[in-house]
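Structure first, commentary second.
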Amino acid sequence: MRMIITLLLVTLSLTTWAQDGYEIKVSIDGYEQKDLYLAYYLGEKQYILDTVARAEDNSYTFRGEENLAGGIYLVVMAPDNQFFQILIDDKNQRFSLKTAMGETQLENTQFTNSPDNQDFYNYLLYLAEQRDEGEEFQKVINSESASEKDKERAKEALEDLGDKVLVYQKKFIADHPGSLPAAIIEANLPTEFPEFTGTEEEINNKKWRWMQQHYFDNLDLGDTRMLRTPFLFQRVDYFVQKLQVQHPDSIALAIDFILEKMRPSEENFKFYLIHFLNFYAASKFVGMDAVYVHLVDKYYALGLAPWTEEEQLEKIVDNANRLRPLLIGKTAPDLQMERRDGSKINLSDVESPYTVLYFWRYDCGHCKKSTPILADFYEKFKDRGVKIFAGCAKLRDEVPECWDYIDENGIGEWIHVVDPYGRSRFMTTYDLKTTPQIYVLDKDKKIISKRLGAEQLEELFNRLLEEETLEIERSK
């Protein structure tokens, strides 16, 4: 048994199921609380589905008119939310079970009218027995008093035990084709790499590339039953966050790979498309808004998210349209602004190997902290050709105070600009919901980085200039 971390009321309904209904009777020796709960996994959380009171015979029966979605469910006990797991499948909706509190819960669990659950618990009991045997071998391996010969024997015995368990697992899968227990066991089989040759670095790189293509070989992402398991979210998250280069293009390809494999399950596809869209909409990492735009362009804008209400869809697409011109690698939208003397200047007119585009307000608390840092940065890098195009995001009669702030803080060397009447639509064009906002542009005004803190600029430019120096040396 384990402790459940979070139990939330279910707020998401992903599909409509047949009207056969479910009836699960649970008897727990030693459990005397009034209520018992039925919960399920979804994503990285667990949700309460049903609550029942104790009957006169001390049993608890969960009933519902609609079939449950397949997956791994949790029978949760008050008051400390200890739980044990049961399997629910299309053909496995009406059954009973008896178990007991305490360390012997696993061996004391017996099911009636649920062969899949009984088979799965027999499997779990087998694993527990092998784990106990393996722990004895591990003790010898870790022992300071054991001889090297004994340790070597223990290692060999542990490897043999692992092979034995793997044979058992594969036989179980072969003997129970299509069953939920077999699908769960297969999904968690260890990865078996082919033989690779080369240096250690080459072999590791080949394994990584192979794993990217074969990570889900044993896990059917199009099986709706996998959605309500404790491991699917972990596996998907690991594939995207750990197995991929953390670049928006690589991540977008990885998500496409996952969603394509999920297409046979409308529910899986829907859940993870929504998850990835929300995740990358809220990402704080520079450049990851490109993943959001990719998902909108490839799925939402093309009608592949039909569950989305029209008003919400419009907002999603509009947001992507605003972000698209500001993605890293794009040419920064040009702006025609005014200098202090009223003369016009375009962002594209600035000739410099690097331009820092800085939007600020004199009454913005964060700007007051960022501006002095930016001033120090400028003093260090102005001789390297860096220029700052600083736009005070104030309109009309508030503009004069921009110039007062500039004078008072000694930052007059920057290219200071305003747009008193908003003719350039700079606030909309650069999606200025908050200030300060910083964009770093190259000589062609392409966006190198954006929305980073002023304190990050020095590190960024040290890296940029170092790469520039290396590129020059390589070209000689």
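Ordering of the structure tokens sets the chain letters (A, B, ...), residue numbers begin anew at 1 in every chain, and ligands are numbered from 1 in the order given.
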Give me, as CSV, each residue of segment 160-239 of chain A that comes within 6 Å of segment 257-279 of chain A, together with its shortest interatomic pair and the distance in Å at one decimal, counting only C-alpha atoms, with rows ordered by chain and rising residue number.
```
residue,atom,partner,partner_atom,distance
A:Leu221,CA,A:Met262,CA,5.0
A:Gly222,CA,A:Met262,CA,4.2
A:Thr224,CA,A:Ser265,CA,5.5
```
Extract, using only C-alpha atoms, all DNA, RNA and protein residues at most 10 Å from Tyr280 of chain A, discarding same-chain residues fewer than 2 positions from it, and format them as a list in words.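 What passes the distance filter is Pro248, His275, Phe276, Leu277, Asn278, Ala282, Ser283, Lys284, Phe285, Gly287, Met288, Asp289, Ala290, Val291, Tyr292, Val293 and Leu295 of chain A.
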Write out as a PDB file with C-alpha atoms, in the first residue's frame each polymer residue whose atoms come within 8 Å of segment 446-456 of chain A, counting only C-alpha atoms; drop sequence neighbours fewer than 6 positions from it.
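This is the output file out.pdb:
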```pdb
ATOM      1  CA  VAL A 286      12.599  31.027 -23.761  1.00  0.00           C
ATOM      2  CA  GLY A 287      11.372  29.995 -27.197  1.00  0.00           C
ATOM      3  CA  LEU A 326       7.663  37.016 -32.374  1.00  0.00           C
ATOM      4  CA  LEU A 327       9.115  33.511 -32.415  1.00  0.00           C
ATOM      5  CA  ILE A 328      12.866  33.077 -32.116  1.00  0.00           C
ATOM      6  CA  GLY A 329      14.417  33.088 -35.597  1.00  0.00           C
ATOM      7  CA  LYS A 330      11.766  35.389 -37.038  1.00  0.00           C
ATOM      8  CA  THR A 331      12.630  38.905 -38.188  1.00  0.00           C
ATOM      9  CA  ALA A 332      11.409  41.278 -35.490  1.00  0.00           C
ATOM     10  CA  SER A 370      15.881  46.145 -14.668  1.00  0.00           C
ATOM     11  CA  THR A 371      16.961  49.515 -16.078  1.00  0.00           C
ATOM     12  CA  ILE A 373      21.138  46.385 -14.666  1.00  0.00           C
ATOM     13  CA  LEU A 374      20.656  47.088 -18.356  1.00  0.00           C
ATOM     14  CA  GLN A 437      10.107  43.158 -22.126  1.00  0.00           C
ATOM     15  CA  ILE A 438      13.486  42.453 -23.724  1.00  0.00           C
ATOM     16  CA  TYR A 439      14.224  41.132 -27.210  1.00  0.00           C
ATOM     17  CA  VAL A 440      17.747  40.443 -28.496  1.00  0.00           C
TER      18      VAL A 440
END
```
List every residue of segment 74-315 of chain A that DSSP, applied to the backbone, labels as alpha helix (DSSP H), and write the result as a count of residues only. 133
12 Å contact set for Lys242 of chain A, only C-alpha atoms, chain neighbours under 5 positions out, as a ChimeraX atom specification: /A:208,211-212,215,234-237,247,250-251,254
Could you go through segment 401-435 of chain A and tell me which residues DSSP, when run on the backbone, assigns to strand (DSSP E or B), listing them as a ChimeraX atom specification? /A:415-418
Okay, now the selection with N, CA and C atoms, as a PDB file, in the first residue's frame?
```
ATOM      1  N   ILE A 415      19.176  54.474 -27.638  1.00  0.00           N
ATOM      2  CA  ILE A 415      18.245  55.018 -28.619  1.00  0.00           C
ATOM      3  C   ILE A 415      16.854  55.004 -27.982  1.00  0.00           C
ATOM      4  N   HIS A 416      16.436  56.135 -27.472  1.00  0.00           N
ATOM      5  CA  HIS A 416      15.153  56.222 -26.773  1.00  0.00           C
ATOM      6  C   HIS A 416      14.059  56.680 -27.721  1.00  0.00           C
ATOM      7  N   VAL A 417      12.941  55.952 -27.670  1.00  0.00           N
ATOM      8  CA  VAL A 417      11.838  56.246 -28.584  1.00  0.00           C
ATOM      9  C   VAL A 417      10.503  56.131 -27.859  1.00  0.00           C
ATOM     10  N   VAL A 418       9.508  56.815 -28.424  1.00  0.00           N
ATOM     11  CA  VAL A 418       8.138  56.748 -27.911  1.00  0.00           C
ATOM     12  C   VAL A 418       7.187  56.713 -29.108  1.00  0.00           C
TER      13      VAL A 418
END
```
Within 7 Å of segment 423-435 of chain A, counting only C-alpha atoms, which residues show up once you throw out same-chain ones fewer than 4 positions away? Write them as a list in words, please.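 Once the nearby chain positions are removed, what remains is Arg322, Leu335, Gln336, Phe359, Trp360, Arg361, Cys367 and Asp419 of chain A.
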Could you save the residues just selected, with C-alpha atoms, as a PDB file, in the first residue's frame?
```
ATOM      1  CA  ARG A 322       0.044  37.133 -32.147  1.00  0.00           C
ATOM      2  CA  LEU A 335       8.406  49.752 -35.732  1.00  0.00           C
ATOM      3  CA  GLN A 336       8.391  53.420 -36.629  1.00  0.00           C
ATOM      4  CA  PHE A 359      10.099  48.089 -23.656  1.00  0.00           C
ATOM      5  CA  TRP A 360       9.670  49.816 -20.307  1.00  0.00           C
ATOM      6  CA  ARG A 361       7.615  52.215 -18.191  1.00  0.00           C
ATOM      7  CA  CYS A 367      11.470  48.217 -14.857  1.00  0.00           C
ATOM      8  CA  ASP A 419       4.891  56.493 -29.852  1.00  0.00           C
TER       9      ASP A 419
END
```
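Of note, atom CA of Asp407 of chain A and atom CA of Phe381 of chain A are spaced 21.2 Å apart.
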